[in-house]
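Structure, as structure tokens:
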Amino acid sequence: MANKCVTCSGYIKNTGLPSGDKPFGRIVGMYFVPLVADDGTANFLNVGAANLNTELLGLINHADPSKRWYPMLGLNNVAPTQEDAVFETDDAGNRFKVRDGLQTMTYQFWNVSHAYFRQVATACVNFGIVLIDECGNLLGEFDDANDRLYPRAVNHNSFNGVYTNATASETSKVTITFDYKLTTSDADQYMLGATSFTTVSPLYLNGMVDLAIKVVSSASGSVDVQMDTPFGTIGAPISWLGGSTTNITVVNHTASTQVTPTTVVHNGNGSYTVTFTAQTAADDLSLMVFSPATGNNEFGYEGESATWQEQ
Amino acid sequence: MARAITFNVGTKTYHVDKAKIGKKSFSQLKKELPHFPDEILKELSTPDSKVEEKEVEEKPTKKKTTKK
């Protein structure tokens with residue numbers, strides 16, 4: 001990453017501009033990226049990877065939430081604003097630039113529910129953003145030496161989300177605002193072209209969906225569960241219908257093992273009966289779902305039930 | 001990765017890990033998966049059930065022979 005504080009080498013930079021150098025377009029989405037994962041490593045997109053399609057898809061559906069990239073797509077009224085720079089003025093009126101003005105990002109989600117607001121209303125970790133324009137280009141901070149695209153750091157303490165109910169003339173809206181960290185600059189942002197992706201597009205890669213998994217009843221080697229998303233209404237949640245033996249796992253917390261189910265029966269409306277090799281009686285078990293998206297427009301799902309004791 | 005076979009019967013969807021089920025007779029499956037419809041159990045069971053039962057019965061004998 002460039003350091004904006006050390007850009008002057010004693011000369012003015014050359015100003016020639018070859019044709020074909022296109023600017024980043026209108027912002028329609030962004031990725032929220034935790035700056036540092038739980039293992040202490042910084043999060044980035046490996047631009048030098050052999051297959052950037054699987055690289056990006058893997059980040060959006062990463063099994064470790066602290067390494068995951070969280071897409072915010074379909075943004076409305078995106079308004080990046082910048083305050084005036086701060087100057088000190090002497091008694092003769094000469095101005096001396098002290099620092100750049102604060103940059104703020106504002107955008108809205110239109111016609112979304114309070115349930116979605118609950119998902120996007122807070123950001124409690126240090127995070128940064130990688131912007132997506134209407135062509136599917138990405139914009140972030142680039143480490144040329146290591147081929148890594150990093151997110152631009154945000155002052156997460158400035159993050160604010162507001163829900164506005166629909167009126168007679170306006171749809172419901174969620175308005176999000178936050179400031180970039182003062183140590184970041186537009187001069188440090190680099191564009192990764194949409195053509196870097198061939199089988200997927202950043203415009204169509206959706207974020208994962210949380211699942212609430214409730215244990216209804218259990219027997220030795222068998223459990224009945226209800227799997228719902230956080231969306232829908234009270235008593236009528238939107239259920240998950242995609243459970244199978246390939247994306248459901250029984251976790252044995254006592255033995256620290258994971259068991260693949262023998263059968264998974266979807267009884268309808270998110271109600272499942274899962275059978276598995278019977279575990280030792282009184283072992284603490286839970287049911288875990290991890291179902292990553294495999295391409296454009298798909299949704300990944302994840303969730304884990306509370307524990308129950310094997311009969 | 002688990003090999004899942006999917007059956008749709010009425011409003012229900014049945015996913016089965018064929019590798020975990022193994023080769024079993026209809027009656028064995030009926031006992032293990034009482035919540036499964038017979039039509040699925042028939043498909044999951046090996047066609048010649050007598051051979052399966054014979055295989056199951058023979059296993060302990062074979063082990064004993066090996067130990068000796």
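Identifiers in this document derive from the order of the structure tokens: chains are assigned A, B, ..., residues are numbered from 1 separately in each chain, and ligands are numbered from 1 in order of occurrence.
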
With only C-alpha atoms considered, list every residue of chain B at most 12 Å from chain A, as a ChimeraX atom specification.
/B:1-22,29,32-37,40,44

Report as a PyMOL selection string all protein, DNA and RNA residues lying within 9 Å of range 72-85 of chain A, evaluated on only C-alpha atoms, omitting residues in the same chain fewer than 2 positions from it.
chain A and resi 26-32+70+87+97-110+120+132+203-207

Return as a PyMOL selection string the full set of residues in range 108-266 of chain A whose backbone-based DSSP assignment is strand (DSSP E or B).
chain A and resi 108-110+127-133+138-143+148-150+152-164+173-180+189-192+209-210+212-219+222-233+236-239+248-252+257-259+263-266

Can you pull out every residue within 10 Å of range 212-216 of chain A, counting only C-alpha atoms, but drop anything in the same chain fewer than 5 positions away, and send it as an NGL selection string?
:A and (223-230 or 239-240 or 270-273 or 286-289 or 302-308)

May I have the selected residues written with N, CA, C and O atoms, as a JSON list (two decimals), in the first residue's frame?
[["chain", "number", "residue", "atom", "x", "y", "z"],
["A", 223, "VAL", "N", -32.69, -36.70, 15.45],
["A", 223, "VAL", "CA", -33.13, -35.42, 15.99],
["A", 223, "VAL", "C", -34.09, -34.75, 15.00],
["A", 223, "VAL", "O", -33.90, -34.86, 13.78],
["A", 224, "ASP", "N", -35.13, -34.16, 15.54],
["A", 224, "ASP", "CA", -36.05, -33.36, 14.73],
["A", 224, "ASP", "C", -35.76, -31.89, 14.98],
["A", 224, "ASP", "O", -35.70, -31.46, 16.14],
["A", 225, "VAL", "N", -35.56, -31.13, 13.91],
["A", 225, "VAL", "CA", -35.22, -29.71, 14.06],
["A", 225, "VAL", "C", -36.09, -28.85, 13.14],
["A", 225, "VAL", "O", -36.65, -29.34, 12.16],
["A", 226, "GLN", "N", -36.15, -27.58, 13.47],
["A", 226, "GLN", "CA", -36.82, -26.58, 12.63],
["A", 226, "GLN", "C", -35.77, -25.55, 12.23],
["A", 226, "GLN", "O", -35.09, -25.00, 13.10],
["A", 227, "MET", "N", -35.61, -25.32, 10.91],
["A", 227, "MET", "CA", -34.58, -24.39, 10.44],
["A", 227, "MET", "C", -35.23, -23.22, 9.72],
["A", 227, "MET", "O", -35.87, -23.38, 8.69],
["A", 228, "ASP", "N", -35.04, -22.03, 10.31],
["A", 228, "ASP", "CA", -35.63, -20.81, 9.74],
["A", 228, "ASP", "C", -34.58, -19.73, 9.56],
["A", 228, "ASP", "O", -33.60, -19.67, 10.30],
["A", 229, "THR", "N", -34.82, -18.85, 8.61],
["A", 229, "THR", "CA", -33.98, -17.67, 8.44],
["A", 229, "THR", "C", -34.49, -16.59, 9.39],
["A", 229, "THR", "O", -35.58, -16.73, 9.97],
["A", 230, "PRO", "N", -33.75, -15.50, 9.57],
["A", 230, "PRO", "CA", -34.24, -14.43, 10.45],
["A", 230, "PRO", "C", -35.35, -13.61, 9.80],
["A", 230, "PRO", "O", -35.84, -12.67, 10.41],
["A", 239, "SER", "N", -38.48, -20.18, 5.92],
["A", 239, "SER", "CA", -37.72, -21.37, 6.30],
["A", 239, "SER", "C", -36.64, -21.70, 5.28],
["A", 239, "SER", "O", -36.67, -21.21, 4.15],
["A", 240, "TRP", "N", -35.73, -22.56, 5.69],
["A", 240, "TRP", "CA", -34.69, -23.03, 4.78],
["A", 240, "TRP", "C", -35.08, -24.41, 4.28],
["A", 240, "TRP", "O", -35.39, -25.30, 5.07],
["A", 270, "GLY", "N", -39.26, -26.22, 6.46],
["A", 270, "GLY", "CA", -38.09, -26.10, 7.32],
["A", 270, "GLY", "C", -38.01, -27.11, 8.45],
["A", 270, "GLY", "O", -37.13, -27.02, 9.30],
["A", 271, "SER", "N", -38.94, -28.07, 8.48],
["A", 271, "SER", "CA", -38.91, -29.12, 9.50],
["A", 271, "SER", "C", -38.11, -30.31, 8.98],
["A", 271, "SER", "O", -38.39, -30.83, 7.89],
["A", 272, "TYR", "N", -37.11, -30.73, 9.76],
["A", 272, "TYR", "CA", -36.22, -31.80, 9.31],
["A", 272, "TYR", "C", -36.14, -32.91, 10.35],
["A", 272, "TYR", "O", -36.19, -32.64, 11.56],
["A", 273, "THR", "N", -35.99, -34.14, 9.86],
["A", 273, "THR", "CA", -35.63, -35.27, 10.71],
["A", 273, "THR", "C", -34.26, -35.75, 10.24],
["A", 273, "THR", "O", -34.08, -36.07, 9.07],
["A", 286, "SER", "N", -24.85, -31.05, 18.87],
["A", 286, "SER", "CA", -25.56, -29.93, 18.24],
["A", 286, "SER", "C", -25.61, -30.19, 16.74],
["A", 286, "SER", "O", -24.84, -31.02, 16.22],
["A", 287, "LEU", "N", -26.50, -29.50, 16.08],
["A", 287, "LEU", "CA", -26.63, -29.66, 14.63],
["A", 287, "LEU", "C", -26.09, -28.40, 13.95],
["A", 287, "LEU", "O", -26.50, -27.29, 14.30],
["A", 288, "MET", "N", -25.17, -28.59, 13.03],
["A", 288, "MET", "CA", -24.54, -27.44, 12.37],
["A", 288, "MET", "C", -24.84, -27.49, 10.87],
["A", 288, "MET", "O", -24.78, -28.55, 10.26],
["A", 289, "VAL", "N", -25.11, -26.32, 10.32],
["A", 289, "VAL", "CA", -25.31, -26.20, 8.88],
["A", 289, "VAL", "C", -24.27, -25.26, 8.30],
["A", 289, "VAL", "O", -24.05, -24.17, 8.84],
["A", 302, "GLU", "N", -25.78, -20.65, 6.93],
["A", 302, "GLU", "CA", -25.04, -21.23, 8.06],
["A", 302, "GLU", "C", -25.80, -21.01, 9.35],
["A", 302, "GLU", "O", -26.54, -20.03, 9.50],
["A", 303, "GLY", "N", -25.60, -21.95, 10.27],
["A", 303, "GLY", "CA", -26.24, -21.84, 11.57],
["A", 303, "GLY", "C", -25.90, -23.05, 12.42],
["A", 303, "GLY", "O", -25.38, -24.04, 11.92],
["A", 304, "GLU", "N", -26.17, -22.95, 13.71],
["A", 304, "GLU", "CA", -25.94, -24.08, 14.61],
["A", 304, "GLU", "C", -27.00, -24.07, 15.70],
["A", 304, "GLU", "O", -27.36, -23.00, 16.22],
["A", 305, "SER", "N", -27.48, -25.25, 16.04],
["A", 305, "SER", "CA", -28.52, -25.35, 17.07],
["A", 305, "SER", "C", -27.89, -25.26, 18.45],
["A", 305, "SER", "O", -26.67, -25.33, 18.61],
["A", 306, "ALA", "N", -28.75, -25.14, 19.45],
["A", 306, "ALA", "CA", -28.30, -25.30, 20.83],
["A", 306, "ALA", "C", -27.99, -26.79, 21.04],
["A", 306, "ALA", "O", -28.39, -27.64, 20.24],
["A", 307, "THR", "N", -27.25, -27.10, 22.08],
["A", 307, "THR", "CA", -26.88, -28.49, 22.30],
["A", 307, "THR", "C", -28.03, -29.27, 22.94],
["A", 307, "THR", "O", -28.88, -28.71, 23.64],
["A", 308, "TRP", "N", -28.06, -30.57, 22.67],
["A", 308, "TRP", "CA", -28.94, -31.49, 23.36],
["A", 308, "TRP", "C", -28.13, -32.70, 23.75],
["A", 308, "TRP", "O", -27.02, -32.90, 23.25]]

Can you tell me how far CA of Ala63 in chain A sits from CA of Asn155 in chain A, in Å to one decimal?
25.7 Å

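Those residues that approach range 14-24 of chain A to within 10 Å, counting only C-alpha atoms, are Leu131, Ile132, Asp133, Glu134, Cys135, Gly136, Asn137, Leu138, Leu139, Gln189, Tyr190, Met191, Leu192 and Gly193 of chain A; same-chain residues fewer than 4 positions away are not listed.
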
Any chance you can output those residues with C-alpha atoms as a tab-separated table (two decimals), in the first residue's frame?
chain	number	residue	atom	x	y	z
A	131	LEU	CA	-16.23	-0.88	-3.30
A	132	ILE	CA	-18.09	-2.41	-6.27
A	133	ASP	CA	-19.14	-0.27	-9.24
A	134	GLU	CA	-21.92	-0.84	-11.75
A	135	CYS	CA	-19.56	-2.72	-14.08
A	136	GLY	CA	-18.39	-5.13	-11.39
A	137	ASN	CA	-14.99	-3.46	-10.86
A	138	LEU	CA	-13.55	-3.53	-7.35
A	139	LEU	CA	-11.75	-0.66	-5.59
A	189	GLN	CA	-7.22	3.23	-3.98
A	190	TYR	CA	-6.64	0.88	-6.92
A	191	MET	CA	-9.15	-0.72	-9.27
A	192	LEU	CA	-9.37	-4.45	-9.96
A	193	GLY	CA	-11.16	-4.81	-13.30

Residues near Asp39 in chain A, anyone? I mean within 12 Å using only C-alpha atoms, not counting same-chain ones fewer than 4 positions away, as a ChimeraX atom specification.
/A:34-35,43,64-67

Can you write just those residues out, N, CA and C atoms, as a PDB file, in the first residue's frame?
ATOM      1  N   PRO A  34     -13.713  -7.609   7.749  1.00  0.00           N
ATOM      2  CA  PRO A  34     -12.978  -7.398   9.003  1.00  0.00           C
ATOM      3  C   PRO A  34     -11.501  -7.166   8.670  1.00  0.00           C
ATOM      4  N   LEU A  35     -10.902  -6.152   9.283  1.00  0.00           N
ATOM      5  CA  LEU A  35      -9.516  -5.844   8.924  1.00  0.00           C
ATOM      6  C   LEU A  35      -8.568  -6.967   9.337  1.00  0.00           C
ATOM      7  N   ASN A  43      -6.924  -9.423   6.488  1.00  0.00           N
ATOM      8  CA  ASN A  43      -7.736  -9.997   5.413  1.00  0.00           C
ATOM      9  C   ASN A  43      -7.487  -9.268   4.101  1.00  0.00           C
ATOM     10  N   ASP A  64     -14.776 -19.298   8.251  1.00  0.00           N
ATOM     11  CA  ASP A  64     -14.391 -18.477   9.401  1.00  0.00           C
ATOM     12  C   ASP A  64     -15.004 -17.078   9.237  1.00  0.00           C
ATOM     13  N   PRO A  65     -15.987 -16.713  10.076  1.00  0.00           N
ATOM     14  CA  PRO A  65     -16.644 -15.402   9.919  1.00  0.00           C
ATOM     15  C   PRO A  65     -15.679 -14.226  10.023  1.00  0.00           C
ATOM     16  N   SER A  66     -14.557 -14.414  10.715  1.00  0.00           N
ATOM     17  CA  SER A  66     -13.614 -13.302  10.858  1.00  0.00           C
ATOM     18  C   SER A  66     -12.766 -13.119   9.601  1.00  0.00           C
ATOM     19  N   LYS A  67     -12.870 -14.072   8.656  1.00  0.00           N
ATOM     20  CA  LYS A  67     -12.139 -13.945   7.392  1.00  0.00           C
ATOM     21  C   LYS A  67     -13.087 -13.735   6.203  1.00  0.00           C
TER      22      LYS A  67
END

Give me, please, the distance in Å between CA of Thr280 in chain A and CA of Ile248 in chain A, quoted to one decimal.
19.8 Å

Just give me the gap between CA of Ala187 in chain A and CA of Asn126 in chain A in Å, one decimal is fine.
21.7 Å

Every residue of range 97-258 of chain A that DSSP places in helix (DSSP H, G or I), as a list in words
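Selecting the helix (DSSP H, G or I) positions of range 97-258 of chain A gives His114, Ala115, Tyr116, Phe117, Arg118, Gln119, Val120, Asp186, Ala187, Asp188, Ala194, Thr195 and Ser196 of chain A.
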
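By chain and then residue number, the residues within 8 Å of Val251 in chain A are Thr249, His253, Ser256, Thr257, Gln258, Val259, Leu285, Ser286, Leu287 and Met288 of chain A, counting only C-alpha atoms and disregarding those fewer than 2 positions away in sequence.
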
For Gln279 in chain A, which of A:Ala219, A:Val154, A:Ala121, A:Val130 is the closest residue, counting only C-alpha atoms?
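Checking each of A:Ala219, A:Val154, A:Ala121, A:Val130 against Gln279 in chain A, counting only C-alpha atoms, the winner is A:Ala219.
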
Could you give me, as a ChimeraX atom specification, the residues within 10 Å of Gly300 in chain A, counting only C-alpha atoms and dropping anything in the same chain fewer than 5 positions from it?
/A:60-62,205-210,290-295

Selection file, C-alpha atoms, as an mmCIF file, in the first residue's frame:
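Below is the file that was written, selection23.cif:
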data_model
loop_
_atom_site.group_PDB
_atom_site.id
_atom_site.type_symbol
_atom_site.label_atom_id
_atom_site.label_comp_id
_atom_site.auth_asym_id
_atom_site.auth_seq_id
_atom_site.Cartn_x
_atom_site.Cartn_y
_atom_site.Cartn_z
ATOM 1 C CA ILE A 60 -17.719 -14.482 0.628
ATOM 2 C CA ASN A 61 -18.536 -17.990 1.865
ATOM 3 C CA HIS A 62 -15.545 -18.434 4.151
ATOM 4 C CA LEU A 205 -22.374 -12.858 -5.481
ATOM 5 C CA ASN A 206 -24.742 -12.733 -2.516
ATOM 6 C CA GLY A 207 -23.887 -12.838 1.149
ATOM 7 C CA MET A 208 -24.645 -15.797 3.387
ATOM 8 C CA VAL A 209 -27.917 -16.140 5.301
ATOM 9 C CA ASP A 210 -28.107 -16.884 9.027
ATOM 10 C CA PHE A 290 -22.750 -24.788 6.488
ATOM 11 C CA SER A 291 -23.947 -24.531 2.925
ATOM 12 C CA PRO A 292 -21.772 -22.171 0.852
ATOM 13 C CA ALA A 293 -23.003 -20.606 -2.386
ATOM 14 C CA THR A 294 -21.382 -22.029 -5.504
ATOM 15 C CA GLY A 295 -21.916 -19.195 -7.983
#
